[in-house]
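Content type compact mmCIF, C-alpha atoms, from the file entry02.txt:
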```txt
# COMPACT_ATOMS: atom_id res chain seq x y z
CA MET R 22 -104.63 -73.76 -29.18
CA ASN R 23 -108.18 -74.51 -30.25
CA PRO R 24 -110.39 -71.94 -32.01
CA PRO R 25 -113.89 -70.62 -31.54
CA LYS R 26 -116.43 -72.40 -33.73
CA THR R 27 -118.24 -70.61 -36.50
CA THR R 28 -121.55 -71.95 -35.23
CA ARG R 29 -121.41 -69.15 -32.64
CA THR R 30 -118.31 -67.56 -33.69
CA ALA R 31 -109.43 -57.25 -2.43
CA SER R 32 -111.49 -59.64 -0.22
CA THR R 33 -114.38 -61.86 -1.13
CA PRO R 34 -117.53 -59.84 -1.65
CA SER R 35 -119.94 -60.98 1.02
CA SER R 36 -122.32 -58.04 1.09
CA THR R 37 -125.92 -58.82 0.31
CA ALA R 38 -126.53 -55.45 -1.36
CA ASP R 39 -128.47 -55.69 -4.59
CA ALA R 40 -126.68 -55.12 -7.87
CA PRO R 41 -128.15 -52.44 -10.14
CA ALA R 42 -131.06 -53.71 -12.19
CA ALA R 43 -130.82 -51.38 -15.18
CA THR R 44 -130.65 -53.17 -18.51
CA PRO R 45 -127.89 -51.96 -20.86
CA THR R 46 -128.66 -50.75 -24.33
CA ILE R 47 -127.63 -53.50 -26.71
CA SER R 48 -126.88 -52.83 -30.35
CA GLU R 49 -128.12 -55.07 -33.15
CA PRO R 50 -126.49 -58.51 -33.15
CA ARG R 51 -123.18 -58.83 -34.95
CA GLN R 52 -121.17 -61.97 -34.34
CA VAL R 53 -117.85 -60.19 -34.79
CA ILE R 54 -117.79 -56.40 -35.05
CA GLN R 55 -115.78 -55.31 -38.04
CA SER R 56 -112.06 -54.62 -37.90
CA GLU R 57 -110.32 -51.29 -37.43
CA ASN R 58 -108.60 -49.56 -40.31
CA PHE R 59 -105.02 -50.65 -40.59
CA ASN R 60 -102.50 -48.04 -39.51
CA TYR R 61 -100.32 -48.83 -42.48
CA ASP R 62 -100.86 -49.48 -46.17
CA ALA R 63 -101.32 -53.16 -47.05
CA ASN R 64 -98.83 -52.70 -49.90
CA VAL R 65 -95.97 -52.10 -47.46
CA SER R 66 -96.95 -54.89 -45.04
CA PRO R 67 -94.42 -57.36 -46.51
CA ARG R 68 -91.66 -54.95 -45.46
CA ILE R 69 -93.13 -54.72 -41.97
CA ASP R 70 -93.37 -58.50 -41.78
CA SER R 71 -89.73 -58.81 -42.83
CA GLU R 72 -88.71 -56.35 -40.13
CA LEU R 73 -90.77 -58.29 -37.59
CA ILE R 74 -89.05 -61.54 -38.49
CA ALA R 75 -85.63 -59.87 -38.34
CA SER R 76 -86.38 -58.49 -34.88
CA TYR R 77 -87.10 -61.97 -33.57
CA GLU R 78 -84.19 -63.67 -35.27
CA GLY R 79 -81.63 -60.96 -34.61
CA GLY R 80 -82.21 -59.89 -31.03
CA PRO R 81 -84.30 -60.10 -27.87
CA SER R 82 -87.97 -59.26 -28.24
CA GLY R 83 -88.42 -57.97 -24.69
CA GLY R 84 -90.13 -61.20 -23.70
CA ARG R 85 -90.16 -64.80 -24.85
CA LYS R 86 -88.77 -64.99 -28.38
CA ALA R 87 -91.18 -66.47 -30.94
CA ARG R 88 -89.69 -68.68 -33.61
CA ALA R 89 -90.06 -67.84 -37.30
CA PHE R 90 -91.17 -70.97 -39.20
CA THR R 91 -91.18 -71.58 -42.93
CA TYR R 92 -94.46 -72.47 -44.58
CA ARG R 93 -92.99 -75.82 -45.60
CA GLU R 94 -92.21 -76.68 -41.95
CA LEU R 95 -95.75 -75.98 -40.81
CA ALA R 96 -97.37 -77.72 -43.76
CA ALA R 97 -95.30 -80.81 -42.94
CA ALA R 98 -96.26 -80.58 -39.25
CA CYS R 99 -99.96 -81.05 -40.05
CA CYS R 100 -99.60 -83.38 -43.05
CA ASN R 101 -100.16 -80.59 -45.57
CA PHE R 102 -103.23 -79.36 -43.65
CA ASN R 103 -104.88 -82.75 -43.78
CA PRO R 104 -108.57 -82.69 -42.78
CA GLU R 105 -107.78 -85.36 -40.18
CA CYS R 106 -105.66 -82.74 -38.36
CA PHE R 107 -108.44 -80.14 -38.45
CA LEU R 108 -109.42 -78.79 -35.01
CA GLY R 109 -111.90 -76.07 -35.88
CA GLU R 110 -112.61 -72.84 -37.69
CA GLY R 111 -113.38 -69.23 -36.82
CA GLY R 112 -113.64 -65.87 -38.55
CA PHE R 113 -109.83 -65.78 -38.88
CA GLY R 114 -109.42 -69.10 -40.68
CA LYS R 115 -108.72 -72.71 -39.76
CA VAL R 116 -106.77 -74.37 -36.95
CA TYR R 117 -104.94 -77.68 -37.26
CA LYS R 118 -103.18 -79.98 -34.83
CA GLY R 119 -99.56 -80.45 -35.83
CA HIS R 120 -96.41 -82.19 -34.69
CA LEU R 121 -93.05 -80.42 -34.84
CA GLU R 122 -90.37 -82.99 -35.57
CA SER R 123 -87.57 -80.62 -34.53
CA THR R 124 -88.85 -80.31 -30.95
CA ASN R 125 -91.07 -83.42 -30.80
CA GLU R 126 -94.08 -81.46 -29.57
CA TYR R 127 -97.71 -81.18 -30.57
CA VAL R 128 -98.92 -77.71 -31.48
CA ALA R 129 -101.96 -75.88 -32.81
CA ILE R 130 -101.40 -74.12 -36.12
CA LYS R 131 -103.73 -71.26 -37.01
CA GLN R 132 -103.81 -70.51 -40.74
CA LEU R 133 -105.23 -67.06 -41.37
CA ASP R 134 -107.75 -66.75 -44.17
CA PRO R 135 -106.65 -63.78 -46.34
CA ASN R 136 -110.35 -62.93 -46.75
CA GLY R 137 -111.19 -63.54 -43.08
CA LEU R 138 -111.86 -61.25 -40.15
CA GLN R 139 -108.31 -61.22 -38.81
CA GLY R 140 -106.02 -59.17 -41.05
CA ARG R 141 -102.33 -58.47 -41.09
CA ARG R 142 -102.59 -55.83 -38.39
CA GLU R 143 -104.29 -58.28 -36.02
CA PHE R 144 -101.65 -60.88 -36.93
CA LEU R 145 -98.85 -58.51 -35.92
CA VAL R 146 -100.68 -57.45 -32.75
CA GLU R 147 -101.05 -61.07 -31.66
CA VAL R 148 -97.39 -61.88 -32.31
CA MET R 149 -96.17 -58.81 -30.45
CA THR R 150 -98.58 -59.21 -27.50
CA LEU R 151 -97.86 -62.86 -26.85
CA SER R 152 -94.11 -62.42 -27.35
CA LEU R 153 -94.07 -59.77 -24.62
CA ALA R 154 -96.32 -61.80 -22.31
CA ASP R 155 -95.32 -64.65 -20.01
CA HIS R 156 -97.99 -65.95 -17.64
CA PRO R 157 -99.36 -69.41 -16.82
CA ASN R 158 -102.89 -68.28 -17.72
CA LEU R 159 -102.03 -66.99 -21.21
CA VAL R 160 -101.58 -69.39 -24.11
CA LYS R 161 -97.97 -69.62 -25.29
CA LEU R 162 -97.09 -68.50 -28.79
CA ILE R 163 -94.40 -70.83 -30.10
CA GLY R 164 -93.89 -69.12 -33.44
CA PHE R 165 -95.29 -67.72 -36.65
CA CYS R 166 -94.92 -67.76 -40.41
CA ALA R 167 -95.09 -64.65 -42.60
CA GLU R 168 -94.01 -66.02 -45.96
CA GLY R 169 -95.45 -64.49 -49.11
CA ASP R 170 -99.18 -64.15 -48.57
CA GLU R 171 -99.25 -66.87 -45.91
CA ARG R 172 -99.86 -65.89 -42.29
CA LEU R 173 -99.76 -68.67 -39.69
CA LEU R 174 -99.48 -68.70 -35.91
CA VAL R 175 -98.19 -71.63 -33.87
CA TYR R 176 -99.41 -72.14 -30.30
CA GLU R 177 -99.04 -74.71 -27.59
CA TYR R 178 -101.67 -77.40 -28.01
CA MET R 179 -104.49 -77.32 -25.44
CA PRO R 180 -105.91 -80.86 -25.32
CA LEU R 181 -109.21 -80.14 -23.55
CA GLY R 182 -110.46 -77.59 -26.05
CA SER R 183 -112.26 -74.43 -24.98
CA LEU R 184 -114.53 -73.52 -22.10
CA GLU R 185 -117.30 -73.17 -24.67
CA ASP R 186 -116.91 -76.87 -25.54
CA HIS R 187 -117.54 -77.87 -21.92
CA LEU R 188 -120.43 -75.47 -21.30
CA HIS R 189 -122.34 -75.31 -24.56
CA ASP R 190 -121.12 -78.10 -26.85
CA LEU R 191 -121.41 -81.13 -24.61
CA LEU R 192 -121.95 -84.49 -26.26
CA PRO R 193 -125.22 -86.25 -25.36
CA GLY R 194 -124.86 -88.00 -22.02
CA SER R 195 -121.74 -86.04 -21.04
CA LYS R 196 -121.50 -84.64 -17.55
CA GLY R 197 -121.02 -80.93 -17.18
CA LEU R 198 -118.21 -79.29 -15.26
CA ASP R 199 -118.51 -79.58 -11.49
CA TRP R 200 -118.67 -76.48 -9.28
CA ALA R 201 -115.06 -76.60 -8.08
CA THR R 202 -113.76 -76.89 -11.67
CA ARG R 203 -115.92 -73.99 -12.82
CA LEU R 204 -114.51 -71.75 -10.10
CA LYS R 205 -110.98 -72.90 -10.89
CA ILE R 206 -111.44 -71.91 -14.53
CA ALA R 207 -113.01 -68.54 -13.62
CA ALA R 208 -110.21 -67.71 -11.17
CA GLY R 209 -107.49 -68.68 -13.66
CA ALA R 210 -109.04 -66.62 -16.46
CA ALA R 211 -109.25 -63.65 -14.07
CA ARG R 212 -105.55 -64.03 -13.22
CA GLY R 213 -104.67 -63.97 -16.92
CA LEU R 214 -106.69 -60.80 -17.37
CA GLU R 215 -105.11 -59.23 -14.28
CA TYR R 216 -101.67 -59.87 -15.79
CA LEU R 217 -102.65 -58.05 -18.98
CA HIS R 218 -104.09 -55.08 -17.08
CA ASN R 219 -101.57 -54.69 -14.27
CA LYS R 220 -98.33 -56.53 -15.08
CA MET R 221 -97.79 -56.05 -18.82
CA GLU R 222 -95.64 -53.14 -19.94
CA PRO R 223 -97.43 -51.34 -21.48
CA PRO R 224 -100.77 -52.52 -20.01
CA VAL R 225 -103.11 -54.26 -22.44
CA ILE R 226 -106.90 -54.32 -22.86
CA TYR R 227 -107.84 -57.78 -24.14
CA ARG R 228 -111.07 -56.77 -25.90
CA ASP R 229 -112.09 -60.30 -26.90
CA LEU R 230 -112.80 -62.20 -23.68
CA LYS R 231 -115.36 -64.96 -24.29
CA CYS R 232 -115.78 -68.66 -23.54
CA SER R 233 -114.38 -69.81 -26.88
CA ASN R 234 -111.15 -67.89 -26.16
CA ILE R 235 -110.55 -69.59 -22.80
CA LEU R 236 -108.64 -72.76 -23.61
CA LEU R 237 -108.18 -75.67 -21.23
CA GLY R 238 -105.11 -77.78 -20.58
CA PRO R 239 -104.60 -80.85 -18.38
CA GLY R 240 -106.53 -80.61 -15.13
CA PHE R 241 -108.77 -77.94 -16.73
CA HIS R 242 -106.04 -75.32 -16.37
CA PRO R 243 -107.37 -72.25 -18.21
CA LYS R 244 -105.45 -69.98 -20.58
CA LEU R 245 -106.62 -66.90 -22.48
CA SER R 246 -106.03 -67.04 -26.23
CA ASP R 247 -106.51 -65.00 -29.44
CA PHE R 248 -105.02 -61.55 -28.90
CA GLY R 249 -105.51 -60.04 -32.34
CA LEU R 250 -107.94 -57.41 -30.97
CA ALA R 251 -105.75 -56.48 -27.99
CA LYS R 252 -105.14 -52.78 -27.50
CA VAL R 253 -102.63 -50.86 -25.39
CA GLY R 254 -104.58 -49.33 -22.51
CA PRO R 255 -104.79 -45.64 -21.57
CA LEU R 256 -101.54 -44.25 -20.20
CA GLY R 257 -100.76 -41.34 -17.88
CA ASP R 258 -103.79 -39.24 -17.03
CA LYS R 259 -105.89 -40.64 -19.89
CA THR R 260 -109.07 -42.48 -18.89
CA HIS R 261 -109.80 -44.31 -22.12
CA VAL R 262 -108.66 -45.17 -25.64
CA SER R 263 -110.91 -44.01 -28.48
CA THR R 264 -111.18 -46.71 -31.12
CA ARG R 265 -113.57 -48.31 -33.55
CA VAL R 266 -115.79 -50.78 -31.74
CA MET R 267 -114.63 -54.38 -32.06
CA GLY R 268 -115.53 -57.55 -30.20
CA THR R 269 -118.25 -60.18 -30.04
CA TYR R 270 -121.92 -59.41 -29.58
CA GLY R 271 -123.13 -60.32 -26.11
CA TYR R 272 -119.72 -59.81 -24.52
CA CYS R 273 -119.04 -56.22 -25.59
CA ALA R 274 -119.57 -53.64 -22.83
CA PRO R 275 -122.56 -51.40 -23.70
CA ASP R 276 -120.65 -48.19 -22.85
CA TYR R 277 -117.84 -49.16 -25.25
CA ALA R 278 -120.32 -50.23 -27.94
CA MET R 279 -122.13 -46.88 -27.76
CA THR R 280 -119.15 -44.50 -27.46
CA GLY R 281 -116.07 -46.28 -28.79
CA GLN R 282 -114.30 -45.35 -25.55
CA LEU R 283 -112.33 -48.43 -24.53
CA THR R 284 -111.24 -48.85 -20.91
CA PHE R 285 -109.99 -51.67 -18.69
CA LYS R 286 -113.54 -51.84 -17.33
CA SER R 287 -114.68 -52.93 -20.81
CA ASP R 288 -112.83 -56.20 -20.17
CA ILE R 289 -114.42 -56.45 -16.71
CA TYR R 290 -117.88 -56.42 -18.29
CA SER R 291 -116.89 -59.20 -20.70
CA PHE R 292 -115.50 -61.21 -17.79
CA GLY R 293 -118.80 -60.79 -15.96
CA VAL R 294 -120.65 -62.25 -18.95
CA VAL R 295 -118.26 -65.24 -19.01
CA LEU R 296 -118.74 -65.75 -15.26
CA LEU R 297 -122.52 -65.75 -15.77
CA GLU R 298 -122.11 -68.40 -18.47
CA ILE R 299 -120.02 -70.50 -16.07
CA ILE R 300 -122.65 -70.17 -13.34
CA THR R 301 -125.77 -70.65 -15.46
CA GLY R 302 -124.64 -72.83 -18.36
CA ARG R 303 -126.42 -70.37 -20.67
CA LYS R 304 -124.91 -68.67 -23.71
CA ALA R 305 -124.20 -64.93 -23.78
CA ILE R 306 -126.65 -64.69 -26.68
CA ASP R 307 -129.07 -67.52 -27.49
CA PHE R 308 -131.72 -66.87 -30.13
CA SER R 309 -133.28 -70.29 -29.52
CA LYS R 310 -134.70 -69.01 -26.21
CA PRO R 311 -137.77 -66.78 -25.67
CA ALA R 312 -137.16 -63.12 -26.49
CA ARG R 313 -136.74 -62.05 -22.84
CA GLU R 314 -134.10 -64.73 -22.25
CA GLN R 315 -131.99 -64.36 -25.39
CA ASN R 316 -129.52 -61.89 -23.87
CA LEU R 317 -127.91 -63.44 -20.79
CA VAL R 318 -127.22 -60.17 -18.95
CA ALA R 319 -130.73 -58.83 -19.58
CA TRP R 320 -132.21 -62.13 -18.31
CA ALA R 321 -130.00 -62.16 -15.22
CA ARG R 322 -130.45 -58.55 -14.03
CA PRO R 323 -133.90 -59.01 -12.41
CA LEU R 324 -132.68 -62.21 -10.75
CA PHE R 325 -129.74 -60.40 -9.13
CA LYS R 326 -132.28 -58.75 -6.78
CA ASP R 327 -134.03 -61.98 -5.85
CA ARG R 328 -132.02 -63.34 -2.94
CA LYS R 329 -134.39 -66.22 -2.41
CA GLY R 330 -134.52 -67.17 -6.04
CA PHE R 331 -130.87 -66.98 -7.04
CA ILE R 332 -130.70 -70.78 -7.12
CA LYS R 333 -132.79 -70.54 -10.30
CA MET R 334 -129.70 -69.14 -12.02
CA ALA R 335 -127.58 -72.25 -11.40
CA ASP R 336 -126.81 -74.52 -14.35
CA PRO R 337 -129.21 -77.51 -14.15
CA LEU R 338 -126.25 -79.77 -14.98
CA LEU R 339 -124.83 -78.96 -11.52
CA GLU R 340 -127.84 -80.81 -10.07
CA GLY R 341 -127.68 -78.68 -6.93
CA ARG R 342 -124.15 -79.85 -6.06
CA PHE R 343 -122.68 -76.55 -4.89
CA PRO R 344 -122.52 -74.59 -1.62
CA PRO R 345 -125.41 -72.07 -1.72
CA LYS R 346 -123.32 -69.35 -0.10
CA ALA R 347 -120.54 -69.77 -2.65
CA MET R 348 -123.08 -69.70 -5.47
CA TYR R 349 -124.54 -66.45 -4.16
CA GLN R 350 -121.08 -64.89 -3.85
CA ALA R 351 -120.17 -65.90 -7.40
CA ILE R 352 -123.42 -64.40 -8.70
CA TYR R 353 -122.70 -61.23 -6.74
CA ILE R 354 -119.24 -60.93 -8.34
CA ALA R 355 -120.78 -61.38 -11.80
CA ALA R 356 -123.45 -58.75 -11.02
CA LEU R 357 -120.77 -56.23 -10.05
CA CYS R 358 -118.82 -56.90 -13.26
CA VAL R 359 -121.78 -56.32 -15.61
CA GLN R 360 -122.99 -53.08 -14.06
CA GLU R 361 -124.02 -50.58 -16.69
CA LYS R 362 -121.76 -47.77 -15.44
CA PRO R 363 -118.10 -48.72 -16.01
CA ASN R 364 -116.83 -46.85 -12.95
CA MET R 365 -119.06 -49.07 -10.77
CA ARG R 366 -117.40 -52.27 -11.98
CA PRO R 367 -114.63 -53.68 -9.76
CA ALA R 368 -110.93 -53.64 -10.62
CA ILE R 369 -109.62 -56.94 -11.91
CA LEU R 370 -107.39 -57.48 -8.85
CA ASP R 371 -110.47 -57.43 -6.59
CA VAL R 372 -112.14 -59.97 -8.86
CA VAL R 373 -109.05 -62.21 -8.73
CA ASN R 374 -108.88 -62.08 -4.94
CA ALA R 375 -112.58 -62.85 -4.58
CA LEU R 376 -112.57 -65.77 -7.03
CA ASP R 377 -109.32 -67.22 -5.66
CA PHE R 378 -110.92 -67.28 -2.23
CA LEU R 379 -114.04 -69.04 -3.53
CA ALA R 380 -112.04 -71.47 -5.66
CA ASN R 381 -109.77 -72.45 -2.77
CA GLN R 382 -112.78 -72.97 -0.51
CA SER R 383 -114.50 -75.16 -3.11
CA LEU R 384 -111.35 -77.16 -3.76
CA ALA R 385 -110.86 -77.81 -0.05
CA ALA R 386 -114.50 -78.90 0.29
CA SER R 387 -114.31 -81.25 -2.70
CA GLU R 388 -111.08 -82.82 -1.41
CA LYS R 389 -112.74 -83.39 1.95
CA LYS R 390 -115.55 -85.31 0.28
CA SER R 391 -113.15 -87.45 -1.78
CA PRO R 392 -112.42 -90.89 -0.29
```
Show me this structure written as structure tokens.
Amino acid sequence: MNPPKTTRTASTPSSTADAPAATPTISEPRQVIQSENFNYDANVSPRIDSELIASYEGGPSGGRKARAFTYRELAAACCNFNPECFLGEGGFGKVYKGHLESTNEYVAIKQLDPNGLQGRREFLVEVMTLSLADHPNLVKLIGFCAEGDERLLVYEYMPLGSLEDHLHDLLPGSKGLDWATRLKIAAGAARGLEYLHNKMEPPVIYRDLKCSNILLGPGFHPKLSDFGLAKVGPLGDKTHVSTRVMGTYGYCAPDYAMTGQLTFKSDIYSFGVVLLEIITGRKAIDFSKPAREQNLVAWARPLFKDRKGFIKMADPLLEGRFPPKAMYQAIYIAALCVQEKPNMRPAILDVVNALDFLANQSLAASEKKSP
């Protein structure tokens, strides 16, 4: 797994109806909104950690069992956290590339900073969530370490980095992602989110969907990562979960930011922002741009109504190499996802079906053009 960088910590919709043009109320910028209160005292967390380790070592976890590593094993895997093994850093701490001698595999080792933004509660949430999950579009948790004050997570290594790397951190002279690859990534990320919402027991709200958390494997296969902010969704006749607002500025749904009422549609809004980034090549928030263009959703809303000018939204790095109809349909899906009223946003299964259709069309077209 590769981390975010601290430098910015049912059928295909074909209707030509305009998406709503209202601009959401956006709170003051905060890169990562502060953490919830822990639901247990930090003084008793070592006991909880011990119980967690025992549950994995002594019996089935209900999903894929995560391995408990010693600190010595993980330090050896990345040459005692040698700077040459360093992959990146986020609010939680640092990530290193390591090699496990026992299984002869490369891994990503996330070492939590005790003073960072991801605390022990988030650590436990991530272990439990990924141990219960099993889907090709979710990053695999191989194991963890909870030894003394050390908290480390071990993931499968994703060699192509994050979606953010390929949209916003391109090296000079590098070519951007082509249209078919962008749709493939969007469709795969949507399938991962659909699994969390509809297939997990209990269902899970991701709450931290952003480009830096979509990791890419061989062939640009996308996987969602970093589940420390995940929350069990509303059950029974409940419509939402009331919680302290957490997430990343620019991706957080305005209704959730204003009320603290978290729903599955909060994730849909975040996905819409990511899809806009994929389409436009712009960042969710970019203070280097003129004031009216700094917030991606606010910049895009007036353009959603301009059917003749939607091409202006396309990433210049695409150089016009995309089917105009497919571009319009992708923009329409994004517009639906970022609607201000949560009940107007589509269900994730509808988004998956629509993007799968577009991705398959684009793949077939690109294969036809190949010699």
Draw an axis-aligned box over all listed atoms of range 90-94 of chain R, pad each side with 5 Å, and write its centre and edge lengths in Å, one decimal, as JSON.
```
{"center_x": -92.8, "center_y": -73.8, "center_z": -42.4, "size_x": 13.3, "size_y": 15.7, "size_z": 16.4}
```
Anything within 8 Å of (-96.0, -70.1, -27.2): list those residues as a ChimeraX atom specification, counting all atoms listed in the file and sticking to the file's coordinates. /R:87,151-152,160-164,175-177
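Checking R:Pro363, R:Gly169, R:Gly119, R:Pro239 one by one against Tyr290 in chain R, counting all atoms listed in the file, you find the shortest gap at R:Pro363.
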note - CA of Gly238 in chain R and CA of Asn381 in chain R are separated by 19.2 Å
Using only C-alpha atoms, the best pick from R:Ile300, R:Ala97, R:Leu324, R:Ala375 as closest to Trp200 in chain R would be R:Ile300
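The closest residue to Val262 in chain R, picked from R:Pro367, R:Pro275, R:Pro243, R:Gly281 and counting all atoms listed in the file, is R:Gly281.
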In the coordinates of the file, take the point (-97.8, -68.4, -16.2) and a cut-off of 10 Å; then, counting all atoms listed in the file, name each qualifying protein, DNA or RNA residue as a PDB file with C-alpha atoms, keeping the file's coordinate frame.
```
ATOM      1  CA  ALA R 154     -96.320 -61.800 -22.310  1.00  0.00           C
ATOM      2  CA  ASP R 155     -95.320 -64.650 -20.010  1.00  0.00           C
ATOM      3  CA  HIS R 156     -97.990 -65.950 -17.640  1.00  0.00           C
ATOM      4  CA  PRO R 157     -99.360 -69.410 -16.820  1.00  0.00           C
ATOM      5  CA  ASN R 158    -102.890 -68.280 -17.720  1.00  0.00           C
ATOM      6  CA  LEU R 159    -102.030 -66.990 -21.210  1.00  0.00           C
ATOM      7  CA  VAL R 160    -101.580 -69.390 -24.110  1.00  0.00           C
ATOM      8  CA  LYS R 161     -97.970 -69.620 -25.290  1.00  0.00           C
ATOM      9  CA  ARG R 212    -105.550 -64.030 -13.220  1.00  0.00           C
ATOM     10  CA  GLY R 213    -104.670 -63.970 -16.920  1.00  0.00           C
ATOM     11  CA  TYR R 216    -101.670 -59.870 -15.790  1.00  0.00           C
ATOM     12  CA  LYS R 244    -105.450 -69.980 -20.580  1.00  0.00           C
TER      13      LYS R 244
END
```
Just the residues within 12 Å of Lys252 in chain R, please, counting only C-alpha atoms, with nothing from its chain fewer than 4 positions along; format it as a VMD selection string. chain R and resid 57 142 to 143 145 to 147 149 to 150 217 to 218 221 223 to 229 248 256 261 to 268 282 to 285 287 to 288
Range 175-270 of chain R near range 339-362 of chain R within 12 Å: what's each residue's closest atom pair and its distance in Å to one decimal, counting all atoms listed in the file, ordered by chain then ascending residue number, as a tab-separated table?
```
residue	atom	partner	partner_atom	distance
R:Leu188	CA	R:Leu339	CA	11.3
R:Lys196	CA	R:Leu339	CA	8.9
R:Gly197	CA	R:Leu339	CA	7.1
R:Leu198	CA	R:Leu339	CA	7.6
R:Asp199	CA	R:Leu339	CA	6.4
R:Trp200	CA	R:Phe343	CA	5.9
R:Ala201	CA	R:Phe343	CA	8.3
R:Thr202	CA	R:Phe343	CA	11.2
R:Arg203	CA	R:Leu339	CA	10.3
R:Leu204	CA	R:Ala351	CA	8.6
R:Ala207	CA	R:Ala351	CA	9.8
R:Ala208	CA	R:Ala351	CA	10.8
R:Ala211	CA	R:Cys358	CA	11.7
```
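Reported to one decimal place, the separation of CA of Leu121 in chain R from CA of Glu94 in chain R is 8.1 Å.
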My list of candidates is R:Ile332, R:Leu338, R:Tyr270, R:Ile289. Which is closest to Asn316 in chain R when distances are computed with only C-alpha atoms? R:Tyr270
With distances taken over all atoms listed in the file, which residue among R:Met179, R:Ala89, R:Val372, R:Ala98 lies nearest Asn125 in chain R? R:Ala98
Please measure the separation of CA of Glu168 in chain R and CA of Asn101 in chain R, giving the value in Å to one decimal. 15.8 Å
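Nearest to Ala210 in chain R of all the residues R:Lys259, R:Lys118, R:His242, R:His187 is R:His242, counting all atoms listed in the file.
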